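Just below is one structure, and these are the notes that go with it.
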Amino acid sequence: MNAGATGFRTKPSVGSIDLREVGVTSAGVELLPPTTFVSAAGKATAVRGRNGAGKSTLLKVMCGQYAPSSGSAFVAGSDVRHPGRDFRRRVASMIGLPPMAPDLTVRDHVDLVAATWFSGMSQRAAVAAQVVEATGLAELEHRFPHELSSGQRQLFGLGLILARPYEVLILDEPEQRLDSEHVKRLSGILIALRNEGRTLIVATHSDALTEAFADQVLTLDPQR
Ligand SMILES: Nc1ncnc2c1ncn2[C@@H]1O[C@H](COP(=O)(O)OP(=O)(O)OP(=O)(O)O)[C@@H](O)[C@H]1O
């Protein structure tokens, strides 16, 4: 994928992340112990840690799905407790697969997302075409979601996230369901996005993926 291949060149200065002593507690259960993490715009971070360490919880805080119980959290210039329009445009995330409509094809979905976010017809078409190509979905673009394998559905889900603008991209275990060849494709996508200047936060259990794309590693709670 070439620089700018997803059709939305970022402004790296607004893609920084600043979390200070961020913790999440629910009904007396600690989901995320107080965690401090700072990333400059354009850095690629792998979030590592054992099952239950709090990776998904941390990602949900960063994308505004969970309000932190303590600490401060700023992502792409916004307080995550008050995610406004700018935040939503700057921060894209895939934590689990996005919703899919059973009667729309792969290409319909990608076109729909691109049309929602981009106003110019040529830009929409370019973004959609580039995403389909980068994710390897071209051969499958006329299929319906239920006609995809689980790994193909995983890449399709990623494609739906890439078909919108963002400066910060947050992905939770995007390597799930992918064979080694497709993990390499995923690595290529992440490397291209990093080279474009996007800020990447990727929770992963894959050493190969971490090695391929990450500038830095945040390991959660290694002692617990
Ligand atoms: N809704 C919830 N209510 C109570 N506890 C929760 C809830 N969601 C997660 N937890 C707990 O919070 C902790 C962190 O979970 P989280 O999903 O963030 O871990 P993770 O590092 O992403 O794990 P994995 O590698 O298995 O995906 C775990 O102990 C989990 O059981």
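Ordered as shown in the structure tokens, chains take letters A, B, and onward, while each chain numbers its residues from 1 and ligands are numbered from 1 in the order shown.
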Worksheet item: Within 12 Å of ligand 1, counting only C-alpha atoms and all ligand atoms: which residues, as a count of residues only?
Response: 46
Discussion item. With DSSP run on the backbone, what are the strand (DSSP E) residues within segment 101-184 of chain A? I'd like them as a VMD selection string.
Written reply: chain A and resid 168 to 172
Save the residues we just selected, N, CA and C atoms, as a PDB file, in the first residue's frame?
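Written out: part.pdb:
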```pdb
ATOM      1  N   VAL A 168      -5.737   8.478  14.558  1.00  0.00           N
ATOM      2  CA  VAL A 168      -5.347   7.447  15.523  1.00  0.00           C
ATOM      3  C   VAL A 168      -6.156   6.202  15.187  1.00  0.00           C
ATOM      4  N   LEU A 169      -5.458   5.075  15.034  1.00  0.00           N
ATOM      5  CA  LEU A 169      -6.135   3.812  14.723  1.00  0.00           C
ATOM      6  C   LEU A 169      -5.882   2.833  15.865  1.00  0.00           C
ATOM      7  N   ILE A 170      -6.976   2.336  16.447  1.00  0.00           N
ATOM      8  CA  ILE A 170      -6.902   1.463  17.621  1.00  0.00           C
ATOM      9  C   ILE A 170      -7.490   0.104  17.239  1.00  0.00           C
ATOM     10  N   LEU A 171      -6.677  -0.933  17.336  1.00  0.00           N
ATOM     11  CA  LEU A 171      -7.112  -2.264  16.903  1.00  0.00           C
ATOM     12  C   LEU A 171      -6.872  -3.272  18.024  1.00  0.00           C
ATOM     13  N   ASP A 172      -7.880  -4.085  18.297  1.00  0.00           N
ATOM     14  CA  ASP A 172      -7.752  -5.104  19.337  1.00  0.00           C
ATOM     15  C   ASP A 172      -7.567  -6.473  18.689  1.00  0.00           C
TER      16      ASP A 172
END
```
I'd like the neighbourhood of Asp215 of chain A as a PDB file with C-alpha atoms, in the first residue's frame, where a residue qualifies if any of its atoms comes within 7 Å (using only C-alpha atoms), though same-chain residues fewer than 3 positions away should be ignored.
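Contents of the output file out_30.pdb:
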```
ATOM      1  CA  LYS A  43       4.132   6.350  16.695  1.00  0.00           C
ATOM      2  CA  ALA A  44       3.117   2.708  16.397  1.00  0.00           C
ATOM      3  CA  THR A  45       2.560   0.931  19.706  1.00  0.00           C
TER       4      THR A  45
END
```
Fill in: Atomic distance atom CA of Leu155 of chain A - atom CA of Glu141 of chain A, expressed in Å with one decimal
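Calculated distance between atom CA of Leu155 of chain A and atom CA of Glu141 of chain A is 12.0 Å.
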Practice prompt. Please give the complete set of residues from segment 99-164 of chain A that DSSP, run on the backbone, assigns to alpha helix (DSSP H), formatted as JSON, numbers by chain.
Written response: {"A": [106, 107, 108, 109, 110, 111, 112, 113, 114, 115, 116, 117, 121, 122, 123, 124, 125, 126, 127, 128, 129, 130, 131, 132, 133, 134, 150, 151, 152, 153, 154, 155, 156, 157, 158, 159, 160, 161, 162]}
Residue subset to file, keeping C-alpha atoms, as a CSV table (one decimal), in the first residue's frame:
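Once everything was written out, this is part-v3.csv:
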```csv
chain,number,residue,atom,x,y,z
A,106,VAL,CA,-18.6,-6.5,0.8
A,107,ARG,CA,-18.2,-3.7,-1.7
A,108,ASP,CA,-21.6,-2.2,-0.7
A,109,HIS,CA,-20.3,-1.9,2.9
A,110,VAL,CA,-17.0,-0.3,2.0
A,111,ASP,CA,-18.7,2.1,-0.4
A,112,LEU,CA,-21.3,3.0,2.3
A,113,VAL,CA,-18.6,3.8,4.9
A,114,ALA,CA,-16.6,5.8,2.5
A,115,ALA,CA,-19.7,7.7,1.3
A,116,THR,CA,-20.6,8.5,4.9
A,117,TRP,CA,-17.2,10.1,5.7
A,121,MET,CA,-17.2,11.3,-5.2
A,122,SER,CA,-13.8,10.7,-6.6
A,123,GLN,CA,-12.2,10.6,-3.1
A,124,ARG,CA,-14.9,8.1,-1.9
A,125,ALA,CA,-14.3,5.9,-4.9
A,126,ALA,CA,-10.5,6.1,-4.5
A,127,VAL,CA,-10.6,5.3,-0.8
A,128,ALA,CA,-13.0,2.3,-1.3
A,129,ALA,CA,-10.9,0.9,-4.2
A,130,GLN,CA,-7.7,1.3,-2.2
A,131,VAL,CA,-9.1,-0.4,0.9
A,132,VAL,CA,-10.5,-3.3,-1.1
A,133,GLU,CA,-7.1,-3.8,-2.8
A,134,ALA,CA,-5.1,-3.4,0.4
A,150,SER,CA,-13.8,-16.2,9.5
A,151,GLY,CA,-10.4,-14.9,8.5
A,152,GLN,CA,-11.8,-13.1,5.4
A,153,ARG,CA,-14.5,-11.6,7.7
A,154,GLN,CA,-11.7,-10.3,9.9
A,155,LEU,CA,-10.0,-8.5,7.0
A,156,PHE,CA,-13.4,-7.2,5.8
A,157,GLY,CA,-14.0,-5.8,9.3
A,158,LEU,CA,-10.6,-4.1,9.2
A,159,GLY,CA,-11.4,-2.7,5.7
A,160,LEU,CA,-14.6,-1.1,7.1
A,161,ILE,CA,-12.5,0.8,9.6
A,162,LEU,CA,-9.8,1.8,7.0
```
Discussion item. Restricting the calculation to only C-alpha atoms: of A:Ala73, A:Ala67, A:Ala101, A:Ala46, which residue gets closest to Leu19 of chain A?
Written reply: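 Smallest separation from Leu19 of chain A among the options: A:Ala73.
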Worksheet item: atom CA of Ser78 of chain A to atom CA of Phe213 of chain A: how many Å, to one decimal?
Response: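 Value for the atom CA of Ser78 of chain A-atom CA of Phe213 of chain A distance: 25.7 Å.
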Worksheet item: Residues at most 9 Å from Arg185 of chain A, counting only C-alpha atoms, excluding those fewer than 3 positions away in the same chain, as a list in words?
Response: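 Selected residues are Ala134, Thr135, Gly136, Ser180, Glu181, His182, Gly188, Ile189 and Leu190 of chain A.
Using only C-alpha atoms, the shortest contact distance between Phe37 of chain A and any of A:Ser119, A:Ser72, A:Ser149, A:Ser93 is found at A:Ser72.
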